[in-house]
Structures are given as structure tokens and as C-alpha cells.
$ cat start.cif   # mmCIF, C-alpha atoms
data_run
loop_
_atom_site.group_PDB
_atom_site.id
_atom_site.type_symbol
_atom_site.label_atom_id
_atom_site.label_comp_id
_atom_site.auth_asym_id
_atom_site.auth_seq_id
_atom_site.Cartn_x
_atom_site.Cartn_y
_atom_site.Cartn_z
ATOM 1 C CA MET A 7 -13.564 3.660 -16.515
ATOM 2 C CA SER A 8 -10.659 1.266 -16.975
ATOM 3 C CA ASP A 9 -8.186 0.318 -14.257
ATOM 4 C CA ALA A 10 -5.489 2.160 -16.211
ATOM 5 C CA ARG A 11 -7.491 5.405 -16.184
ATOM 6 C CA GLU A 12 -8.186 5.013 -12.468
ATOM 7 C CA VAL A 13 -4.534 4.340 -11.613
ATOM 8 C CA PHE A 14 -3.415 7.209 -13.868
ATOM 9 C CA ASP A 15 -5.809 9.622 -12.154
ATOM 10 C CA LEU A 16 -4.692 8.475 -8.693
ATOM 11 C CA ASN A 17 -0.988 8.917 -9.462
ATOM 12 C CA ASN A 18 -1.593 12.226 -11.228
ATOM 13 C CA ASP A 19 -2.474 13.975 -7.953
ATOM 14 C CA PRO A 20 0.730 15.565 -6.589
ATOM 15 C CA GLU A 21 -0.532 15.280 -3.003
ATOM 16 C CA VAL A 22 -1.231 11.549 -3.389
ATOM 17 C CA VAL A 23 2.300 10.806 -4.649
ATOM 18 C CA ARG A 24 4.007 13.446 -2.487
ATOM 19 C CA TYR A 25 5.629 10.924 -0.128
ATOM 20 C CA THR A 26 5.935 7.942 -2.459
ATOM 21 C CA GLY A 27 8.995 8.696 -4.531
ATOM 22 C CA ASP A 28 6.938 7.699 -7.594
ATOM 23 C CA PRO A 29 6.535 10.058 -10.523
ATOM 24 C CA PRO A 30 3.072 10.378 -12.045
ATOM 25 C CA PHE A 31 2.386 8.250 -15.108
ATOM 26 C CA GLU A 32 3.013 10.109 -18.351
ATOM 27 C CA SER A 33 -0.271 8.932 -19.867
ATOM 28 C CA VAL A 34 -3.116 6.470 -19.464
ATOM 29 C CA ASP A 35 -1.281 4.236 -21.969
ATOM 30 C CA HIS A 36 1.792 4.299 -19.722
ATOM 31 C CA ALA A 37 -0.379 3.271 -16.760
ATOM 32 C CA GLN A 38 -1.865 0.475 -18.883
ATOM 33 C CA GLU A 39 1.620 -0.795 -19.780
ATOM 34 C CA PHE A 40 2.565 -0.766 -16.086
ATOM 35 C CA LEU A 41 -0.528 -2.793 -15.188
ATOM 36 C CA LYS A 42 0.048 -5.282 -18.013
ATOM 37 C CA GLY A 43 3.597 -5.854 -16.794
ATOM 38 C CA TYR A 44 2.692 -6.142 -13.110
ATOM 39 C CA SER A 45 3.567 -9.769 -12.357
ATOM 40 C CA HIS A 46 3.525 -9.759 -8.566
ATOM 41 C CA TYR A 47 0.258 -11.722 -8.424
ATOM 42 C CA GLU A 48 1.649 -14.589 -10.485
ATOM 43 C CA GLN A 49 5.033 -14.594 -8.756
ATOM 44 C CA TYR A 50 3.971 -14.228 -5.125
ATOM 45 C CA ASN A 51 0.168 -14.708 -4.853
ATOM 46 C CA MET A 52 -0.059 -11.131 -3.617
ATOM 47 C CA GLY A 53 0.224 -7.598 -4.868
ATOM 48 C CA ARG A 54 -1.390 -4.214 -4.765
ATOM 49 C CA TRP A 55 -5.171 -4.596 -5.120
ATOM 50 C CA ALA A 56 -7.816 -2.072 -6.065
ATOM 51 C CA VAL A 57 -9.766 -0.705 -3.109
ATOM 52 C CA ARG A 58 -13.386 -0.120 -4.013
ATOM 53 C CA SER A 59 -16.360 1.197 -2.096
ATOM 54 C CA LYS A 60 -18.742 -1.519 -0.924
ATOM 55 C CA SER A 61 -21.761 0.640 -1.710
ATOM 56 C CA ASP A 62 -21.088 1.789 -5.276
ATOM 57 C CA HIS A 63 -17.792 0.074 -6.222
ATOM 58 C CA ALA A 64 -16.077 3.442 -6.775
ATOM 59 C CA PHE A 65 -12.285 3.157 -7.099
ATOM 60 C CA LEU A 66 -10.833 4.573 -3.881
ATOM 61 C CA GLY A 67 -7.223 3.636 -4.560
ATOM 62 C CA TRP A 68 -5.136 0.557 -3.877
ATOM 63 C CA CYS A 69 -3.694 -1.419 -0.978
ATOM 64 C CA GLY A 70 -1.667 -4.585 -0.816
ATOM 65 C CA LEU A 71 1.468 -6.546 -0.153
ATOM 66 C CA LYS A 72 4.694 -6.491 -2.124
ATOM 67 C CA THR A 73 7.740 -8.747 -1.838
ATOM 68 C CA HIS A 74 11.059 -6.939 -2.062
ATOM 69 C CA ASP A 75 14.352 -8.328 -3.355
ATOM 70 C CA ASN A 76 15.515 -8.987 0.211
ATOM 71 C CA GLY A 77 12.451 -11.205 0.824
ATOM 72 C CA GLU A 78 10.640 -8.775 3.110
ATOM 73 C CA VAL A 79 6.950 -8.222 2.491
ATOM 74 C CA ASP A 80 5.789 -4.618 2.550
ATOM 75 C CA LEU A 81 2.282 -3.274 3.078
ATOM 76 C CA GLY A 82 1.465 -0.287 0.902
ATOM 77 C CA PHE A 83 -1.610 1.818 0.271
ATOM 78 C CA ARG A 84 -2.588 4.840 -1.776
ATOM 79 C CA LEU A 85 -6.020 6.466 -1.872
ATOM 80 C CA HIS A 86 -7.602 9.415 -3.636
ATOM 81 C CA ARG A 87 -7.534 12.488 -1.367
ATOM 82 C CA LYS A 88 -11.308 12.659 -1.087
ATOM 83 C CA TYR A 89 -11.201 9.294 0.738
ATOM 84 C CA TRP A 90 -8.479 10.229 3.239
ATOM 85 C CA ASN A 91 -9.299 10.192 6.969
ATOM 86 C CA GLN A 92 -12.371 7.979 6.576
ATOM 87 C CA GLY A 93 -10.907 4.647 7.736
ATOM 88 C CA TYR A 94 -10.583 3.090 4.273
ATOM 89 C CA ALA A 95 -6.789 2.718 4.420
ATOM 90 C CA THR A 96 -6.999 1.160 7.870
ATOM 91 C CA GLU A 97 -9.727 -1.306 6.861
ATOM 92 C CA ALA A 98 -7.951 -2.321 3.642
ATOM 93 C CA ALA A 99 -4.580 -2.624 5.393
ATOM 94 C CA ILE A 100 -5.961 -4.954 8.072
ATOM 95 C CA GLY A 101 -7.486 -7.142 5.359
ATOM 96 C CA CYS A 102 -4.138 -7.338 3.592
ATOM 97 C CA LEU A 103 -2.319 -8.213 6.818
ATOM 98 C CA ARG A 104 -4.801 -11.010 7.516
ATOM 99 C CA TYR A 105 -4.357 -12.353 3.989
ATOM 100 C CA GLY A 106 -0.576 -12.293 4.328
ATOM 101 C CA PHE A 107 -0.568 -14.052 7.677
ATOM 102 C CA ASP A 108 -3.502 -16.460 7.243
ATOM 103 C CA ARG A 109 -3.167 -17.449 3.570
ATOM 104 C CA LEU A 110 0.534 -16.944 2.834
ATOM 105 C CA ASN A 111 2.049 -17.659 6.277
ATOM 106 C CA ILE A 112 4.321 -14.639 6.121
ATOM 107 C CA PRO A 113 6.309 -14.389 9.391
ATOM 108 C CA TYR A 114 6.180 -10.587 9.584
ATOM 109 C CA ILE A 115 5.087 -7.683 7.389
ATOM 110 C CA ILE A 116 6.684 -4.263 7.218
ATOM 111 C CA GLY A 117 5.285 -0.849 6.398
ATOM 112 C CA ARG A 118 7.437 2.099 5.392
ATOM 113 C CA ALA A 119 6.631 5.801 5.354
ATOM 114 C CA MET A 120 8.721 8.904 4.885
ATOM 115 C CA HIS A 121 9.242 10.767 8.154
ATOM 116 C CA GLU A 122 6.995 13.644 7.056
ATOM 117 C CA ASN A 123 4.116 11.362 6.076
ATOM 118 C CA THR A 124 2.345 11.489 9.422
ATOM 119 C CA ALA A 125 -0.983 10.272 7.990
ATOM 120 C CA SER A 126 0.504 6.989 6.736
ATOM 121 C CA ILE A 127 2.484 6.559 9.937
ATOM 122 C CA ARG A 128 -0.767 6.971 11.862
ATOM 123 C CA VAL A 129 -2.394 4.206 9.756
ATOM 124 C CA LEU A 130 0.556 1.862 10.357
ATOM 125 C CA GLU A 131 0.286 2.463 14.095
ATOM 126 C CA LYS A 132 -3.531 2.084 14.110
ATOM 127 C CA ILE A 133 -3.249 -1.384 12.541
ATOM 128 C CA GLY A 134 -0.855 -2.490 15.279
ATOM 129 C CA MET A 135 2.508 -2.059 13.594
ATOM 130 C CA THR A 136 5.348 -0.845 15.790
ATOM 131 C CA TYR A 137 8.375 1.211 14.857
ATOM 132 C CA TRP A 138 11.290 -1.036 13.939
ATOM 133 C CA LYS A 139 14.029 1.106 12.395
ATOM 134 C CA ASP A 140 14.879 3.980 10.093
ATOM 135 C CA VAL A 141 15.463 3.040 6.447
ATOM 136 C CA ILE A 142 15.967 4.641 3.059
ATOM 137 C CA CYS A 143 12.844 4.227 0.921
ATOM 138 C CA GLU A 144 12.909 5.381 -2.707
ATOM 139 C CA ALA A 145 16.034 7.439 -1.875
ATOM 140 C CA HIS A 146 14.295 9.199 1.067
ATOM 141 C CA PRO A 147 14.722 8.737 4.837
ATOM 142 C CA ALA A 148 11.770 6.762 6.161
ATOM 143 C CA LYS A 149 10.467 4.959 9.203
ATOM 144 C CA CYS A 150 9.979 1.215 8.967
ATOM 145 C CA TYR A 151 7.287 -0.464 11.037
ATOM 146 C CA ARG A 152 6.589 -4.170 11.370
ATOM 147 C CA ILE A 153 4.042 -6.616 12.726
ATOM 148 C CA THR A 154 3.693 -10.373 13.229
ATOM 149 C CA LYS A 155 0.504 -12.430 13.138
ATOM 150 C CA LYS A 156 0.604 -12.757 16.927
ATOM 151 C CA GLU A 157 0.888 -8.982 17.311
ATOM 152 C CA LEU A 158 -2.010 -8.410 14.890
ATOM 153 C CA GLU A 159 -4.220 -10.806 16.837
ATOM 154 C CA ALA A 160 -3.324 -9.041 20.111
ATOM 155 C CA SER A 161 -4.123 -5.560 18.786
#

$ encode --input "start.cif" --output "C-alpha cells"
Amino acid sequence: MSDAREVFDLNNDPEVVRYTGDPPFESVDHAQEFLKGYSHYEQYNMGRWAVRSKSDHAFLGWCGLKTHDNGEVDLGFRLHRKYWNQGYATEAAIGCLRYGFDRLNIPYIIGRAMHENTASIRVLEKIGMTYWKDVICEAHPAKCYRITKKELEAS
């Protein structure tokens, strides 16, 4: 299965994209075009990475860092429903935080979640992020959390 098919399938689940503000891809070809045009790796040495099972390399979803226009770096994650509540998002998110702090020397990393998205808020809190402020994310009210390298090491 190609990455485009996997990303298409992930974003085609209404529950997975419920709190993201992202519409599903129209087709696998549309997902492929998105992936071809994704330049965050080249621009910033970071991006959203595939999360795969260690045992069988199954595509679980994605997790990673994204630089916004204001310079802030955001942690994001999205997993197939069948992998929710198993610790995968937490494990992947901690790895991304370590990469951002240890390899890229980012001063702090934020995580945003719509108020109703209690599962993602729980992940952000489990990885040591603390509530910072309310924001608008993809035209929806959201909570913004943040963490520094020192805070990650203390958690």
C-alpha cells in the first residue's frame, strides 16, 4: 500500500478528522499530490512523519512537528481509530519532542487541540505540556499547550 493510500484512508475516517478542521482528501490521487507538494522536510528539517508499528510496520498514522508562519513549532498527531488509547500517540509525540529539542534546538514546542478533543488534550498533558492559552485553530476555539526542553526532561 502506498503512503498516499494510507494517508487517504486515515483522513477518510470522519472520527479521525472530527477535530482537525481538515476535510478528507477527495481521492488517493489528491492525497498523492499533497504528499508530493509537502516541502516541510526540506524547508525545516522536520514535518509530519509516518507512525508505524515496530512489530509489523503497519501504518498507524502520523506524528510530527510543523513550523507555522509566526515561527512557532507545533506538535501534531493523527492515528487510525483502532490504534487509539494504546499509547502510540504518546510514544510518537515524545520522540518528536526530543528530536525538536535535541536536534533542532527549538526553544519551545506547542500543541493545539479543540476544546472538545479531550483525547488529544490528554496526550498533550501526558507528555508534559502545560496549558498556555486559548487560540483559534483552523477557525475553531482551541487550547494551546507548550513545553520546553527543560520541562520535558523534568517530566

$ residues_around --input "start.cif" --residues "range 92-105 of chain A" --least-positions-apart "3" --cutoff "10 Å" --atoms "all atoms listed in the file" --output "PDB file with C-alpha atoms, in the coordinates of the input"
ATOM      1  CA  MET A  52      -0.059 -11.131  -3.617  1.00  0.00           C
ATOM      2  CA  GLY A  53       0.224  -7.598  -4.868  1.00  0.00           C
ATOM      3  CA  ARG A  54      -1.390  -4.214  -4.765  1.00  0.00           C
ATOM      4  CA  TRP A  55      -5.171  -4.596  -5.120  1.00  0.00           C
ATOM      5  CA  ALA A  56      -7.816  -2.072  -6.065  1.00  0.00           C
ATOM      6  CA  VAL A  57      -9.766  -0.705  -3.109  1.00  0.00           C
ATOM      7  CA  ARG A  58     -13.386  -0.120  -4.013  1.00  0.00           C
ATOM      8  CA  SER A  59     -16.360   1.197  -2.096  1.00  0.00           C
ATOM      9  CA  LEU A  66     -10.833   4.573  -3.881  1.00  0.00           C
ATOM     10  CA  GLY A  67      -7.223   3.636  -4.560  1.00  0.00           C
ATOM     11  CA  TRP A  68      -5.136   0.557  -3.877  1.00  0.00           C
ATOM     12  CA  CYS A  69      -3.694  -1.419  -0.978  1.00  0.00           C
ATOM     13  CA  GLY A  70      -1.667  -4.585  -0.816  1.00  0.00           C
ATOM     14  CA  LEU A  71       1.468  -6.546  -0.153  1.00  0.00           C
ATOM     15  CA  ASP A  80       5.789  -4.618   2.550  1.00  0.00           C
ATOM     16  CA  LEU A  81       2.282  -3.274   3.078  1.00  0.00           C
ATOM     17  CA  GLY A  82       1.465  -0.287   0.902  1.00  0.00           C
ATOM     18  CA  PHE A  83      -1.610   1.818   0.271  1.00  0.00           C
ATOM     19  CA  ARG A  84      -2.588   4.840  -1.776  1.00  0.00           C
ATOM     20  CA  LEU A  85      -6.020   6.466  -1.872  1.00  0.00           C
ATOM     21  CA  LYS A  88     -11.308  12.659  -1.087  1.00  0.00           C
ATOM     22  CA  TYR A  89     -11.201   9.294   0.738  1.00  0.00           C
ATOM     23  CA  ASP A 108      -3.502 -16.460   7.243  1.00  0.00           C
ATOM     24  CA  ARG A 109      -3.167 -17.449   3.570  1.00  0.00           C
ATOM     25  CA  LEU A 110       0.534 -16.944   2.834  1.00  0.00           C
ATOM     26  CA  ASN A 111       2.049 -17.659   6.277  1.00  0.00           C
ATOM     27  CA  ILE A 112       4.321 -14.639   6.121  1.00  0.00           C
ATOM     28  CA  TYR A 114       6.180 -10.587   9.584  1.00  0.00           C
ATOM     29  CA  ILE A 115       5.087  -7.683   7.389  1.00  0.00           C
ATOM     30  CA  ILE A 116       6.684  -4.263   7.218  1.00  0.00           C
ATOM     31  CA  SER A 126       0.504   6.989   6.736  1.00  0.00           C
ATOM     32  CA  ARG A 128      -0.767   6.971  11.862  1.00  0.00           C
ATOM     33  CA  VAL A 129      -2.394   4.206   9.756  1.00  0.00           C
ATOM     34  CA  LEU A 130       0.556   1.862  10.357  1.00  0.00           C
ATOM     35  CA  GLU A 131       0.286   2.463  14.095  1.00  0.00           C
ATOM     36  CA  LYS A 132      -3.531   2.084  14.110  1.00  0.00           C
ATOM     37  CA  ILE A 133      -3.249  -1.384  12.541  1.00  0.00           C
ATOM     38  CA  GLY A 134      -0.855  -2.490  15.279  1.00  0.00           C
ATOM     39  CA  ILE A 153       4.042  -6.616  12.726  1.00  0.00           C
ATOM     40  CA  THR A 154       3.693 -10.373  13.229  1.00  0.00           C
ATOM     41  CA  LYS A 155       0.504 -12.430  13.138  1.00  0.00           C
ATOM     42  CA  LEU A 158      -2.010  -8.410  14.890  1.00  0.00           C
ATOM     43  CA  GLU A 159      -4.220 -10.806  16.837  1.00  0.00           C
TER      44      GLU A 159
END

$ closest_residue --input "start.cif" --among "A:Asp75, A:Val22, A:Phe65, A:Gly106" --to "Asn51 in chain A" --atoms "only C-alpha atoms"
A:Gly106

$ axis_aligned_box --input "start.cif" --around "range 45-57 of chain A" --padding-each-side "8 Å" --output "JSON"
{"center_x": -2.4, "center_y": -7.7, "center_z": -7.7, "size_x": 30.8, "size_y": 30.0, "size_z": 25.2}

$ atom_distance --input "start.cif" --atom1 "CA of Arg87 in chain A" --atom2 "CA of Glu21 in chain A"
7.7 Å

$ atom_distance --input "start.cif" --atom1 "CA of Ala10 in chain A" --atom2 "CA of Leu41 in chain A"
7.1 Å

$ residues_around --input "start.cif" --residues "range 30-34 of chain A" --least-positions-apart "5" --cutoff "8 Å" --atoms "all atoms listed in the file" --output "list in words"
Ala10, Arg11, Phe14, Asn17, Asn18, Asp19, Pro20 and Val23 of chain A

$ closest_residue --input "start.cif" --among "A:Lys149, A:Lys60, A:His86, A:His46" --to "Lys72 in chain A" --atoms "all atoms listed in the file"
A:His46

$ closest_residue --input "start.cif" --among "A:Glu157, A:Asp62, A:His146, A:Ser8" --to "Glu122 in chain A" --atoms "only C-alpha atoms"
A:His146

$ decode --input "start.cif" --residues "range 104-123 of chain A" --atoms "N, CA and C atoms" --output "short mmCIF file (atom, residue, chain, number, x, y, z; two decimals), in the first residue's frame"
data_model
loop_
_atom_site.label_atom_id
_atom_site.label_comp_id
_atom_site.auth_asym_id
_atom_site.auth_seq_id
_atom_site.Cartn_x
_atom_site.Cartn_y
_atom_site.Cartn_z
N ARG A 104 11.66 15.19 21.56
CA ARG A 104 13.11 15.00 21.74
C ARG A 104 13.88 15.42 20.48
N TYR A 105 13.37 15.05 19.33
CA TYR A 105 14.01 15.45 18.07
C TYR A 105 14.04 16.98 17.95
N GLY A 106 12.93 17.62 18.23
CA GLY A 106 12.86 19.07 18.13
C GLY A 106 13.80 19.78 19.08
N PHE A 107 13.91 19.28 20.29
CA PHE A 107 14.77 19.92 21.28
C PHE A 107 16.24 19.54 21.08
N ASP A 108 16.52 18.25 20.89
CA ASP A 108 17.90 17.77 20.84
C ASP A 108 18.58 18.02 19.49
N ARG A 109 17.87 17.87 18.41
CA ARG A 109 18.48 18.00 17.07
C ARG A 109 18.30 19.38 16.45
N LEU A 110 17.17 20.03 16.76
CA LEU A 110 16.86 21.31 16.10
C LEU A 110 16.96 22.51 17.05
N ASN A 111 17.20 22.24 18.33
CA ASN A 111 17.34 23.31 19.33
C ASN A 111 16.17 24.28 19.36
N ILE A 112 14.98 23.76 19.24
CA ILE A 112 13.78 24.59 19.30
C ILE A 112 13.58 25.01 20.76
N PRO A 113 13.32 26.30 21.02
CA PRO A 113 13.19 26.75 22.42
C PRO A 113 11.95 26.22 23.12
N TYR A 114 10.83 26.14 22.42
CA TYR A 114 9.62 25.55 22.99
C TYR A 114 8.77 25.02 21.84
N ILE A 115 7.91 24.07 22.16
CA ILE A 115 7.02 23.46 21.18
C ILE A 115 5.60 23.56 21.71
N ILE A 116 4.67 23.88 20.82
CA ILE A 116 3.28 23.98 21.22
C ILE A 116 2.48 22.78 20.71
N GLY A 117 1.35 22.57 21.30
CA GLY A 117 0.38 21.59 20.85
C GLY A 117 -1.00 22.21 20.99
N ARG A 118 -1.81 22.08 19.95
CA ARG A 118 -3.14 22.69 19.97
C ARG A 118 -4.20 21.61 19.79
N ALA A 119 -5.31 21.79 20.49
CA ALA A 119 -6.43 20.86 20.35
C ALA A 119 -7.72 21.62 20.61
N MET A 120 -8.73 21.30 19.81
CA MET A 120 -10.04 21.91 20.03
C MET A 120 -10.52 21.52 21.42
N HIS A 121 -11.28 22.41 22.04
CA HIS A 121 -11.73 22.21 23.42
C HIS A 121 -12.40 20.85 23.63
N GLU A 122 -13.16 20.38 22.65
CA GLU A 122 -13.89 19.13 22.78
C GLU A 122 -13.00 17.89 22.60
N ASN A 123 -11.81 18.08 22.12
CA ASN A 123 -10.94 16.94 21.81
C ASN A 123 -10.17 16.51 23.06
#
